[in-house]
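For reference, the structure discussed in these notes is given below.
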Amino acid sequence: MERELSLEFVRVTEAAALASGRLMGRGDKEAADQAAVDAMRSVFDTVHINGTVVIGEGEKDEAPMLYIGEELGISDEPLVDVAVDPLEGTNLVAKGLPNALSVVAIAPKGCLLKAPDVFYMDKIAVGPKAKGCIDLDASVEDNLKAVAAAMDRDVRDLTAIILERPRHKELIAEIREAGARVKLITDGDVSAAIATCIDTSGVDILFGIGGAPEGVIAAAALKILGGDMQCRLIPKKGDARNKAGRMGEKDPYRLLHLEDLARGEDLFFAATGITDGDMLNGVRYSGQTAETHSLVMRGVTRTIRNIYATHKLERKPHFVSRESVCRQ
Ligand code: VTB
């Protein structure tokens with residue numbers, strides 16, 4: 001993929017962030033998601049790719065989705081897999097809480113894991129210093145000890161981040177028992193996984209079960225950032241193995257490494273902050289202008305760009321939802 005695509009992908013996440021950020025704190029996660037989806041879709045219609053959505057949201061959250069199989073882009077090539085999360089953290093935007101972002105990951109066709117029938121994944125993720133030290137099948141304590149040793153710290157110096165869910169009751173107890181500090185989050189495990197790779201975030205390791213699409217998107221970012229991640233798809237309740245078996249994998253519930261989630265180096269990852277977060281500022285509106293903060297990363301060179309943009313809203317009609325325009 002040509003490096004110039006970086007900027008095109010940032011435009012896509014900027015558009016979604018600009019549209020949905022307007023709806024911060026309204027308590028309406030569906031409207032915020034819809035605004036992000038509409039804006040993202042309309043800007044993808046200008047991007048020079050021949051893309052297919054292989055990872056979208058929607059079914060799990062009954063959200064307005066960029067659906068799996070949807071074709072994106074205006075060129076015959078490159079043929080690419082597109083993973084989208086127009087609004088990662090719908091609840092966060094609805095409540096005005098930190099770390100909501102709009103995100104895409106793009107790879108050559110066939111390089112992103114497809115798991116259309118599976119909603120959840122068990123995940124463990126760390127930053128570059130602890131690469132190679134994690135094992136999803138090992139105990140929490142062993143993982144924390146290995147990561148602490150790799151980072152030349154004590155376990156009690158580590159901070160583990162995990163979604164606050166009833167399903168994590170035991171896992172959280174095990175982390176506490178092992179002596180690490182714990183950061184519980186309500187949503188947004190893409191940004192949580194990425195935080196393990198950012199020295200200033202104060203987050204060292206991600207544990208727990210989150211969305212499968214979010215897992216693949218985070219994996220693309222961690223690959224470029226030099227972090228590490230292992231996952232395992234979780235079968236749906238009452239779902240027989242043979243359903244997931246139709247995904248074409250030998251054992252869909254095998255341990256997945258970074259390379260299984262996002263293959264190769266030719267990857268792009270772009271994200272724009274919607275609400276303020278650990279790595280990205282949220283959207284700032286000021287009359288007819290708005291400011292966004294984005295991150296775009298390219299796997300081939302591992303270049304990480306922070307992009308601060310000022311947008312003249314009246315010149316970008318498709319960047320903002322109809323409702324947002326009316327209210328300006
Ligand atoms: C996580 C989180 C998302 O879903 O993947 C989570 O990163 C997992 O699902 O922001 P549950 O909410 O059902 O536990 C989100 O919260 C929303 O997609």
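To be explicit about the labels: the chains of the structure tokens are called A, B, and onward in the order shown, and within each one the residues are counted from 1, while ligands get numbers from 1 in the order they are shown.
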
Excluding Glu70 in chain A and its own-chain neighbours fewer than 4 positions away, which residues fall within 7 Å of it when counting only C-alpha atoms? Please give them as a PDB file with C-alpha atoms, in the first residue's frame.
```
ATOM      1  CA  THR A  52     -13.879  -4.659   1.824  1.00  0.00           C
ATOM      2  CA  VAL A  53     -15.029  -4.335   5.411  1.00  0.00           C
ATOM      3  CA  LEU A  66     -20.489  -0.477   8.373  1.00  0.00           C
TER       4      LEU A  66
END
```

Residue set, range 37-275 of chain A restricted to strand (DSSP E or B), as number ranges by chain: A: 50-55, 71-72, 79-88, 101-108, 112, 120-126, 159-163, 181-185, 205-211, 228-234, 256-257, 262, 268-273

Can you list every residue of chain A that has an atom at most 9 Å from ligand 1, with its nearest atom pair and the distance in Å to one decimal, using only C-alpha atoms and all ligand atoms, ordered by chain then number, as JSON lines?
```
{"residue": "A:Glu57", "atom": "CA", "partner": "ligand 1", "partner_atom_place_in_ligand_line": "18 (O)", "distance": 7.5}
{"residue": "A:Gly58", "atom": "CA", "partner": "ligand 1", "partner_atom_place_in_ligand_line": "18 (O)", "distance": 8.8}
{"residue": "A:Lys60", "atom": "CA", "partner": "ligand 1", "partner_atom_place_in_ligand_line": "13 (O)", "distance": 7.7}
{"residue": "A:Asp61", "atom": "CA", "partner": "ligand 1", "partner_atom_place_in_ligand_line": "18 (O)", "distance": 6.7}
{"residue": "A:Asp85", "atom": "CA", "partner": "ligand 1", "partner_atom_place_in_ligand_line": "18 (O)", "distance": 8.6}
{"residue": "A:Leu87", "atom": "CA", "partner": "ligand 1", "partner_atom_place_in_ligand_line": "10 (O)", "distance": 8.3}
{"residue": "A:Glu88", "atom": "CA", "partner": "ligand 1", "partner_atom_place_in_ligand_line": "10 (O)", "distance": 5.1}
{"residue": "A:Gly89", "atom": "CA", "partner": "ligand 1", "partner_atom_place_in_ligand_line": "10 (O)", "distance": 3.9}
{"residue": "A:Thr90", "atom": "CA", "partner": "ligand 1", "partner_atom_place_in_ligand_line": "17 (C)", "distance": 6.4}
{"residue": "A:Asn91", "atom": "CA", "partner": "ligand 1", "partner_atom_place_in_ligand_line": "16 (O)", "distance": 7.2}
{"residue": "A:Leu92", "atom": "CA", "partner": "ligand 1", "partner_atom_place_in_ligand_line": "10 (O)", "distance": 8.0}
{"residue": "A:Ala100", "atom": "CA", "partner": "ligand 1", "partner_atom_place_in_ligand_line": "10 (O)", "distance": 8.0}
{"residue": "A:Phe119", "atom": "CA", "partner": "ligand 1", "partner_atom_place_in_ligand_line": "9 (O)", "distance": 8.0}
{"residue": "A:Tyr120", "atom": "CA", "partner": "ligand 1", "partner_atom_place_in_ligand_line": "8 (C)", "distance": 7.0}
{"residue": "A:Met121", "atom": "CA", "partner": "ligand 1", "partner_atom_place_in_ligand_line": "5 (O)", "distance": 8.5}
{"residue": "A:Leu163", "atom": "CA", "partner": "ligand 1", "partner_atom_place_in_ligand_line": "1 (C)", "distance": 7.2}
{"residue": "A:Glu164", "atom": "CA", "partner": "ligand 1", "partner_atom_place_in_ligand_line": "14 (O)", "distance": 8.2}
{"residue": "A:Arg165", "atom": "CA", "partner": "ligand 1", "partner_atom_place_in_ligand_line": "14 (O)", "distance": 6.4}
{"residue": "A:Arg167", "atom": "CA", "partner": "ligand 1", "partner_atom_place_in_ligand_line": "14 (O)", "distance": 8.5}
{"residue": "A:Thr186", "atom": "CA", "partner": "ligand 1", "partner_atom_place_in_ligand_line": "16 (O)", "distance": 6.9}
{"residue": "A:Asp187", "atom": "CA", "partner": "ligand 1", "partner_atom_place_in_ligand_line": "16 (O)", "distance": 4.1}
{"residue": "A:Gly188", "atom": "CA", "partner": "ligand 1", "partner_atom_place_in_ligand_line": "7 (O)", "distance": 3.5}
{"residue": "A:Asp189", "atom": "CA", "partner": "ligand 1", "partner_atom_place_in_ligand_line": "7 (O)", "distance": 3.6}
{"residue": "A:Val190", "atom": "CA", "partner": "ligand 1", "partner_atom_place_in_ligand_line": "7 (O)", "distance": 5.5}
{"residue": "A:Ser191", "atom": "CA", "partner": "ligand 1", "partner_atom_place_in_ligand_line": "7 (O)", "distance": 7.8}
{"residue": "A:Ala192", "atom": "CA", "partner": "ligand 1", "partner_atom_place_in_ligand_line": "7 (O)", "distance": 8.0}
{"residue": "A:Ile209", "atom": "CA", "partner": "ligand 1", "partner_atom_place_in_ligand_line": "8 (C)", "distance": 6.9}
{"residue": "A:Gly210", "atom": "CA", "partner": "ligand 1", "partner_atom_place_in_ligand_line": "5 (O)", "distance": 3.8}
{"residue": "A:Gly211", "atom": "CA", "partner": "ligand 1", "partner_atom_place_in_ligand_line": "5 (O)", "distance": 3.5}
{"residue": "A:Ala212", "atom": "CA", "partner": "ligand 1", "partner_atom_place_in_ligand_line": "5 (O)", "distance": 6.9}
{"residue": "A:Pro213", "atom": "CA", "partner": "ligand 1", "partner_atom_place_in_ligand_line": "5 (O)", "distance": 7.6}
{"residue": "A:Glu214", "atom": "CA", "partner": "ligand 1", "partner_atom_place_in_ligand_line": "5 (O)", "distance": 5.4}
{"residue": "A:Gly215", "atom": "CA", "partner": "ligand 1", "partner_atom_place_in_ligand_line": "5 (O)", "distance": 7.3}
```

Which polymer residues have any atom within 9 Å of an atom of range 227-237 of chain A, counting only C-alpha atoms, with same-chain residues fewer than 5 positions away left out, as a PDB file with N, CA and C atoms, in the first residue's frame?
```pdb
ATOM      1  N   ALA A 115     -13.587 -13.030  11.868  1.00  0.00           N
ATOM      2  CA  ALA A 115     -14.332 -13.835  12.840  1.00  0.00           C
ATOM      3  C   ALA A 115     -15.761 -13.319  12.897  1.00  0.00           C
ATOM      4  N   ASP A 117     -18.656 -14.536  13.066  1.00  0.00           N
ATOM      5  CA  ASP A 117     -19.696 -15.126  13.921  1.00  0.00           C
ATOM      6  C   ASP A 117     -19.376 -15.017  15.397  1.00  0.00           C
ATOM      7  N   VAL A 118     -18.240 -14.427  15.719  1.00  0.00           N
ATOM      8  CA  VAL A 118     -17.784 -14.430  17.108  1.00  0.00           C
ATOM      9  C   VAL A 118     -17.713 -12.996  17.622  1.00  0.00           C
ATOM     10  N   PHE A 119     -18.309 -12.755  18.770  1.00  0.00           N
ATOM     11  CA  PHE A 119     -18.366 -11.391  19.290  1.00  0.00           C
ATOM     12  C   PHE A 119     -17.205 -11.052  20.215  1.00  0.00           C
ATOM     13  N   TYR A 120     -16.766 -12.052  20.980  1.00  0.00           N
ATOM     14  CA  TYR A 120     -15.807 -11.760  22.052  1.00  0.00           C
ATOM     15  C   TYR A 120     -14.484 -12.503  21.909  1.00  0.00           C
ATOM     16  N   MET A 121     -13.493 -11.919  22.549  1.00  0.00           N
ATOM     17  CA  MET A 121     -12.139 -12.478  22.555  1.00  0.00           C
ATOM     18  C   MET A 121     -11.543 -12.300  23.937  1.00  0.00           C
ATOM     19  N   ASP A 122     -10.827 -13.309  24.398  1.00  0.00           N
ATOM     20  CA  ASP A 122     -10.008 -13.153  25.602  1.00  0.00           C
ATOM     21  C   ASP A 122      -8.679 -12.553  25.145  1.00  0.00           C
ATOM     22  N   LYS A 123      -8.189 -11.568  25.884  1.00  0.00           N
ATOM     23  CA  LYS A 123      -7.012 -10.832  25.401  1.00  0.00           C
ATOM     24  C   LYS A 123      -5.985 -10.635  26.507  1.00  0.00           C
ATOM     25  N   ILE A 124      -4.716 -10.597  26.084  1.00  0.00           N
ATOM     26  CA  ILE A 124      -3.645 -10.124  26.964  1.00  0.00           C
ATOM     27  C   ILE A 124      -2.721  -9.304  26.076  1.00  0.00           C
ATOM     28  N   ALA A 125      -2.321  -8.130  26.545  1.00  0.00           N
ATOM     29  CA  ALA A 125      -1.491  -7.257  25.700  1.00  0.00           C
ATOM     30  C   ALA A 125      -0.494  -6.500  26.549  1.00  0.00           C
ATOM     31  N   VAL A 126       0.683  -6.300  25.974  1.00  0.00           N
ATOM     32  CA  VAL A 126       1.739  -5.532  26.659  1.00  0.00           C
ATOM     33  C   VAL A 126       2.496  -4.674  25.651  1.00  0.00           C
ATOM     34  N   GLY A 127       3.315  -3.774  26.178  1.00  0.00           N
ATOM     35  CA  GLY A 127       4.130  -2.916  25.333  1.00  0.00           C
ATOM     36  C   GLY A 127       5.429  -3.591  24.914  1.00  0.00           C
ATOM     37  N   PRO A 128       6.265  -2.875  24.138  1.00  0.00           N
ATOM     38  CA  PRO A 128       7.483  -3.447  23.549  1.00  0.00           C
ATOM     39  C   PRO A 128       8.448  -4.064  24.569  1.00  0.00           C
ATOM     40  N   LYS A 129       8.565  -3.464  25.750  1.00  0.00           N
ATOM     41  CA  LYS A 129       9.554  -3.980  26.718  1.00  0.00           C
ATOM     42  C   LYS A 129       9.210  -5.388  27.167  1.00  0.00           C
ATOM     43  N   ALA A 130       7.935  -5.729  27.150  1.00  0.00           N
ATOM     44  CA  ALA A 130       7.517  -7.059  27.626  1.00  0.00           C
ATOM     45  C   ALA A 130       7.135  -7.986  26.473  1.00  0.00           C
ATOM     46  N   LYS A 131       7.537  -7.613  25.276  1.00  0.00           N
ATOM     47  CA  LYS A 131       7.210  -8.462  24.108  1.00  0.00           C
ATOM     48  C   LYS A 131       7.821  -9.853  24.294  1.00  0.00           C
ATOM     49  N   GLY A 132       7.029 -10.871  24.004  1.00  0.00           N
ATOM     50  CA  GLY A 132       7.533 -12.243  24.119  1.00  0.00           C
ATOM     51  C   GLY A 132       7.412 -12.833  25.515  1.00  0.00           C
ATOM     52  N   CYS A 133       6.901 -12.047  26.456  1.00  0.00           N
ATOM     53  CA  CYS A 133       6.838 -12.528  27.853  1.00  0.00           C
ATOM     54  C   CYS A 133       5.439 -12.933  28.294  1.00  0.00           C
ATOM     55  N   ILE A 134       4.449 -12.793  27.424  1.00  0.00           N
ATOM     56  CA  ILE A 134       3.079 -13.095  27.861  1.00  0.00           C
ATOM     57  C   ILE A 134       2.615 -14.444  27.321  1.00  0.00           C
ATOM     58  N   ASP A 135       1.675 -15.022  28.060  1.00  0.00           N
ATOM     59  CA  ASP A 135       1.102 -16.313  27.646  1.00  0.00           C
ATOM     60  C   ASP A 135      -0.333 -16.362  28.172  1.00  0.00           C
ATOM     61  N   LEU A 136      -1.265 -16.274  27.260  1.00  0.00           N
ATOM     62  CA  LEU A 136      -2.679 -16.242  27.661  1.00  0.00           C
ATOM     63  C   LEU A 136      -3.078 -17.498  28.439  1.00  0.00           C
ATOM     64  N   ALA A 193      -5.510  -1.261  25.158  1.00  0.00           N
ATOM     65  CA  ALA A 193      -4.422  -2.112  24.648  1.00  0.00           C
ATOM     66  C   ALA A 193      -3.271  -1.242  24.138  1.00  0.00           C
ATOM     67  N   ILE A 194      -3.611  -0.196  23.432  1.00  0.00           N
ATOM     68  CA  ILE A 194      -2.571   0.687  22.881  1.00  0.00           C
ATOM     69  C   ILE A 194      -1.819   1.388  24.017  1.00  0.00           C
ATOM     70  N   THR A 196      -0.732   0.271  26.639  1.00  0.00           N
ATOM     71  CA  THR A 196       0.393  -0.527  27.151  1.00  0.00           C
ATOM     72  C   THR A 196       1.691  -0.208  26.402  1.00  0.00           C
ATOM     73  N   CYS A 197       1.547   0.349  25.210  1.00  0.00           N
ATOM     74  CA  CYS A 197       2.725   0.668  24.375  1.00  0.00           C
ATOM     75  C   CYS A 197       3.168   2.122  24.548  1.00  0.00           C
ATOM     76  N   LEU A 206      -2.780  -5.339  29.595  1.00  0.00           N
ATOM     77  CA  LEU A 206      -4.235  -5.453  29.456  1.00  0.00           C
ATOM     78  C   LEU A 206      -4.631  -6.910  29.641  1.00  0.00           C
ATOM     79  N   ILE A 209     -11.696 -10.131  28.686  1.00  0.00           N
ATOM     80  CA  ILE A 209     -12.510 -10.411  27.498  1.00  0.00           C
ATOM     81  C   ILE A 209     -13.167  -9.127  27.012  1.00  0.00           C
ATOM     82  N   ALA A 212     -14.339  -8.898  19.844  1.00  0.00           N
ATOM     83  CA  ALA A 212     -13.387  -9.494  18.897  1.00  0.00           C
ATOM     84  C   ALA A 212     -12.922  -8.466  17.851  1.00  0.00           C
ATOM     85  N   GLY A 215     -10.333  -6.386  19.255  1.00  0.00           N
ATOM     86  CA  GLY A 215      -9.083  -7.123  19.438  1.00  0.00           C
ATOM     87  C   GLY A 215      -8.217  -7.070  18.187  1.00  0.00           C
ATOM     88  N   ALA A 218      -6.902  -3.501  17.639  1.00  0.00           N
ATOM     89  CA  ALA A 218      -5.811  -3.214  18.579  1.00  0.00           C
ATOM     90  C   ALA A 218      -4.551  -3.951  18.161  1.00  0.00           C
ATOM     91  N   ALA A 219      -4.708  -5.177  17.659  1.00  0.00           N
ATOM     92  CA  ALA A 219      -3.540  -5.968  17.257  1.00  0.00           C
ATOM     93  C   ALA A 219      -2.763  -5.266  16.145  1.00  0.00           C
ATOM     94  N   ALA A 221      -2.507  -2.121  15.653  1.00  0.00           N
ATOM     95  CA  ALA A 221      -1.767  -1.014  16.274  1.00  0.00           C
ATOM     96  C   ALA A 221      -0.570  -1.539  17.058  1.00  0.00           C
ATOM     97  N   LEU A 222      -0.782  -2.590  17.834  1.00  0.00           N
ATOM     98  CA  LEU A 222       0.316  -3.115  18.667  1.00  0.00           C
ATOM     99  C   LEU A 222       1.445  -3.670  17.817  1.00  0.00           C
ATOM    100  N   ALA A 244     -18.439 -21.817  14.111  1.00  0.00           N
ATOM    101  CA  ALA A 244     -17.208 -21.053  13.938  1.00  0.00           C
ATOM    102  C   ALA A 244     -16.270 -21.777  12.977  1.00  0.00           C
ATOM    103  N   PRO A 252     -10.813 -22.683  15.391  1.00  0.00           N
ATOM    104  CA  PRO A 252     -11.052 -21.247  15.592  1.00  0.00           C
ATOM    105  C   PRO A 252     -10.751 -20.774  16.999  1.00  0.00           C
ATOM    106  N   TYR A 253     -10.716 -21.715  17.934  1.00  0.00           N
ATOM    107  CA  TYR A 253     -10.494 -21.302  19.322  1.00  0.00           C
ATOM    108  C   TYR A 253      -9.061 -21.548  19.796  1.00  0.00           C
ATOM    109  N   ARG A 254      -8.178 -21.647  18.810  1.00  0.00           N
ATOM    110  CA  ARG A 254      -6.756 -21.812  19.175  1.00  0.00           C
ATOM    111  C   ARG A 254      -6.215 -20.474  19.679  1.00  0.00           C
ATOM    112  N   LEU A 255      -5.040 -20.546  20.305  1.00  0.00           N
ATOM    113  CA  LEU A 255      -4.385 -19.321  20.761  1.00  0.00           C
ATOM    114  C   LEU A 255      -3.958 -18.515  19.540  1.00  0.00           C
ATOM    115  N   LEU A 256      -4.341 -17.250  19.520  1.00  0.00           N
ATOM    116  CA  LEU A 256      -3.991 -16.385  18.389  1.00  0.00           C
ATOM    117  C   LEU A 256      -2.875 -15.433  18.796  1.00  0.00           C
ATOM    118  N   HIS A 257      -1.834 -15.391  17.983  1.00  0.00           N
ATOM    119  CA  HIS A 257      -0.734 -14.459  18.212  1.00  0.00           C
ATOM    120  C   HIS A 257      -0.940 -13.236  17.324  1.00  0.00           C
ATOM    121  N   LEU A 258      -0.103 -12.218  17.552  1.00  0.00           N
ATOM    122  CA  LEU A 258      -0.237 -10.987  16.753  1.00  0.00           C
ATOM    123  C   LEU A 258      -0.297 -11.280  15.254  1.00  0.00           C
ATOM    124  N   LEU A 261      -3.575 -12.292  13.991  1.00  0.00           N
ATOM    125  CA  LEU A 261      -4.603 -11.247  14.049  1.00  0.00           C
ATOM    126  C   LEU A 261      -4.409 -10.226  12.928  1.00  0.00           C
TER     127      LEU A 261
END
```

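With only C-alpha atoms as the atoms that count, the minimum distance from Ser75 in chain A to the choices A:Asn50, A:Ser102, A:Thr159, A:Thr200 is reached by A:Asn50.
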
Taking 2 positions as the minimum chain separation for residues in the same chain, which residues sit within 8 Å of range 38-47 of chain A when counting only C-alpha atoms? Answer as a compact mmCIF listing (two decimals) with N, CA, C and O atoms, in the first residue's frame.
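Once everything was written out, this is out03.txt:
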```
# COMPACT_ATOMS: atom_id res chain seq x y z
N GLU A 8 -5.17 9.78 3.81
CA GLU A 8 -6.56 9.47 3.44
C GLU A 8 -7.27 8.75 4.59
O GLU A 8 -8.44 9.00 4.87
N PHE A 9 -6.56 7.88 5.26
CA PHE A 9 -7.20 7.14 6.36
C PHE A 9 -7.47 8.06 7.56
O PHE A 9 -8.46 7.90 8.26
N ARG A 11 -8.25 11.14 7.32
CA ARG A 11 -9.46 11.91 6.99
C ARG A 11 -10.72 11.15 7.37
O ARG A 11 -11.72 11.72 7.79
N VAL A 12 -10.67 9.86 7.20
CA VAL A 12 -11.83 9.01 7.51
C VAL A 12 -12.14 9.06 9.01
O VAL A 12 -13.30 9.26 9.41
N THR A 13 -11.12 8.90 9.84
CA THR A 13 -11.38 8.89 11.30
C THR A 13 -11.68 10.30 11.80
O THR A 13 -12.48 10.47 12.72
N ALA A 15 -13.32 12.53 10.18
CA ALA A 15 -14.71 12.81 9.83
C ALA A 15 -15.66 12.19 10.84
O ALA A 15 -16.62 12.83 11.31
N ALA A 16 -15.39 10.95 11.18
CA ALA A 16 -16.26 10.26 12.14
C ALA A 16 -16.20 10.94 13.50
O ALA A 16 -17.23 11.09 14.19
N ALA A 19 -18.10 14.28 13.51
CA ALA A 19 -19.56 14.11 13.48
C ALA A 19 -20.10 13.62 14.83
O ALA A 19 -21.10 14.14 15.33
N GLN A 34 -24.31 6.44 14.93
CA GLN A 34 -24.84 6.67 13.58
C GLN A 34 -24.10 7.81 12.89
O GLN A 34 -23.73 7.73 11.71
N ALA A 35 -23.88 8.88 13.64
CA ALA A 35 -23.16 10.04 13.06
C ALA A 35 -21.76 9.62 12.62
O ALA A 35 -21.29 10.00 11.54
N ALA A 36 -21.09 8.83 13.46
CA ALA A 36 -19.73 8.38 13.12
C ALA A 36 -19.74 7.48 11.89
O ALA A 36 -18.92 7.64 10.99
N ILE A 49 -8.73 3.17 -2.55
CA ILE A 49 -8.53 1.75 -2.25
C ILE A 49 -9.69 0.97 -2.88
O ILE A 49 -10.73 1.54 -3.21
N LEU A 66 -21.17 -0.31 9.65
CA LEU A 66 -20.49 -0.48 8.37
C LEU A 66 -20.35 -1.98 8.28
O LEU A 66 -19.55 -2.59 8.96
N LEU A 72 -15.63 -0.52 0.04
CA LEU A 72 -15.25 0.86 0.32
C LEU A 72 -14.15 1.30 -0.63
O LEU A 72 -13.29 0.50 -1.00
N GLY A 73 -14.20 2.58 -0.99
CA GLY A 73 -13.11 3.12 -1.81
C GLY A 73 -13.52 3.30 -3.26
O GLY A 73 -14.57 2.82 -3.70
N ILE A 74 -12.64 4.01 -4.01
CA ILE A 74 -13.00 4.36 -5.38
C ILE A 74 -11.99 3.85 -6.42
O ILE A 74 -12.09 4.20 -7.58
N SER A 75 -11.04 3.04 -5.99
CA SER A 75 -10.04 2.57 -6.96
C SER A 75 -10.14 1.06 -7.15
O SER A 75 -10.77 0.37 -6.36
N PRO A 86 -16.06 2.93 13.88
CA PRO A 86 -16.28 4.37 13.72
C PRO A 86 -16.36 5.08 15.06
O PRO A 86 -15.92 6.21 15.20
N HIS A 318 -19.78 17.04 4.39
CA HIS A 318 -19.98 15.61 4.67
C HIS A 318 -19.19 15.17 5.89
O HIS A 318 -19.24 14.00 6.27
N PHE A 319 -18.44 16.09 6.49
CA PHE A 319 -17.70 15.72 7.69
C PHE A 319 -18.55 15.81 8.93
O PHE A 319 -18.16 15.35 9.98
N VAL A 320 -19.66 16.46 8.83
CA VAL A 320 -20.46 16.68 10.03
C VAL A 320 -21.88 16.18 9.80
O VAL A 320 -22.41 16.25 8.71
N SER A 321 -22.47 15.65 10.83
CA SER A 321 -23.81 15.11 10.68
C SER A 321 -24.78 16.26 10.42
O SER A 321 -24.52 17.40 10.78
```

Using only C-alpha atoms, tabulate the residues of range 1-59 of chain A lying at most 7 Å from any atom of range 285-304 of chain A, each with its closest atom pair and that distance in Å to one decimal, by chain and increasing residue number, as a tab-separated table.
```
residue	atom	partner	partner_atom	distance
A:Ser6	CA	A:Val296	CA	6.5
A:Val10	CA	A:Val296	CA	6.6
A:Glu14	CA	A:Thr292	CA	6.7
```

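Going from CA of Ile185 in chain A over to CA of His168 in chain A, you cover 11.6 Å.
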
Closest atom pairs, range 174-212 of chain A residues within 12 Å of range 138-151 of chain A, only C-alpha atoms, as CSV:
```
residue,atom,partner,partner_atom,distance
A:Glu174,CA,A:Val140,CA,6.5
A:Ile175,CA,A:Val140,CA,6.4
A:Arg176,CA,A:Glu141,CA,9.6
A:Glu177,CA,A:Glu141,CA,8.3
A:Ala178,CA,A:Glu141,CA,5.4
A:Gly179,CA,A:Glu141,CA,8.7
A:Ala180,CA,A:Leu144,CA,7.6
A:Arg181,CA,A:Leu144,CA,10.8
A:Val182,CA,A:Leu144,CA,12.0
A:Thr196,CA,A:Val147,CA,11.5
A:Asp199,CA,A:Met151,CA,11.5
A:Asp204,CA,A:Val147,CA,8.4
A:Ile205,CA,A:Val147,CA,8.2
A:Leu206,CA,A:Leu144,CA,10.6
A:Phe207,CA,A:Val140,CA,8.7
A:Gly208,CA,A:Val140,CA,10.6
```

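Nearest to Val93 in chain A of all the residues A:Ala31, A:Leu280, A:Ile224, A:Ala309 is A:Ala31, counting only C-alpha atoms.
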
Best match for closeness to Ala94 in chain A among A:Lys109, A:Lys183, A:Arg26, A:Arg156, counting only C-alpha atoms: A:Arg26
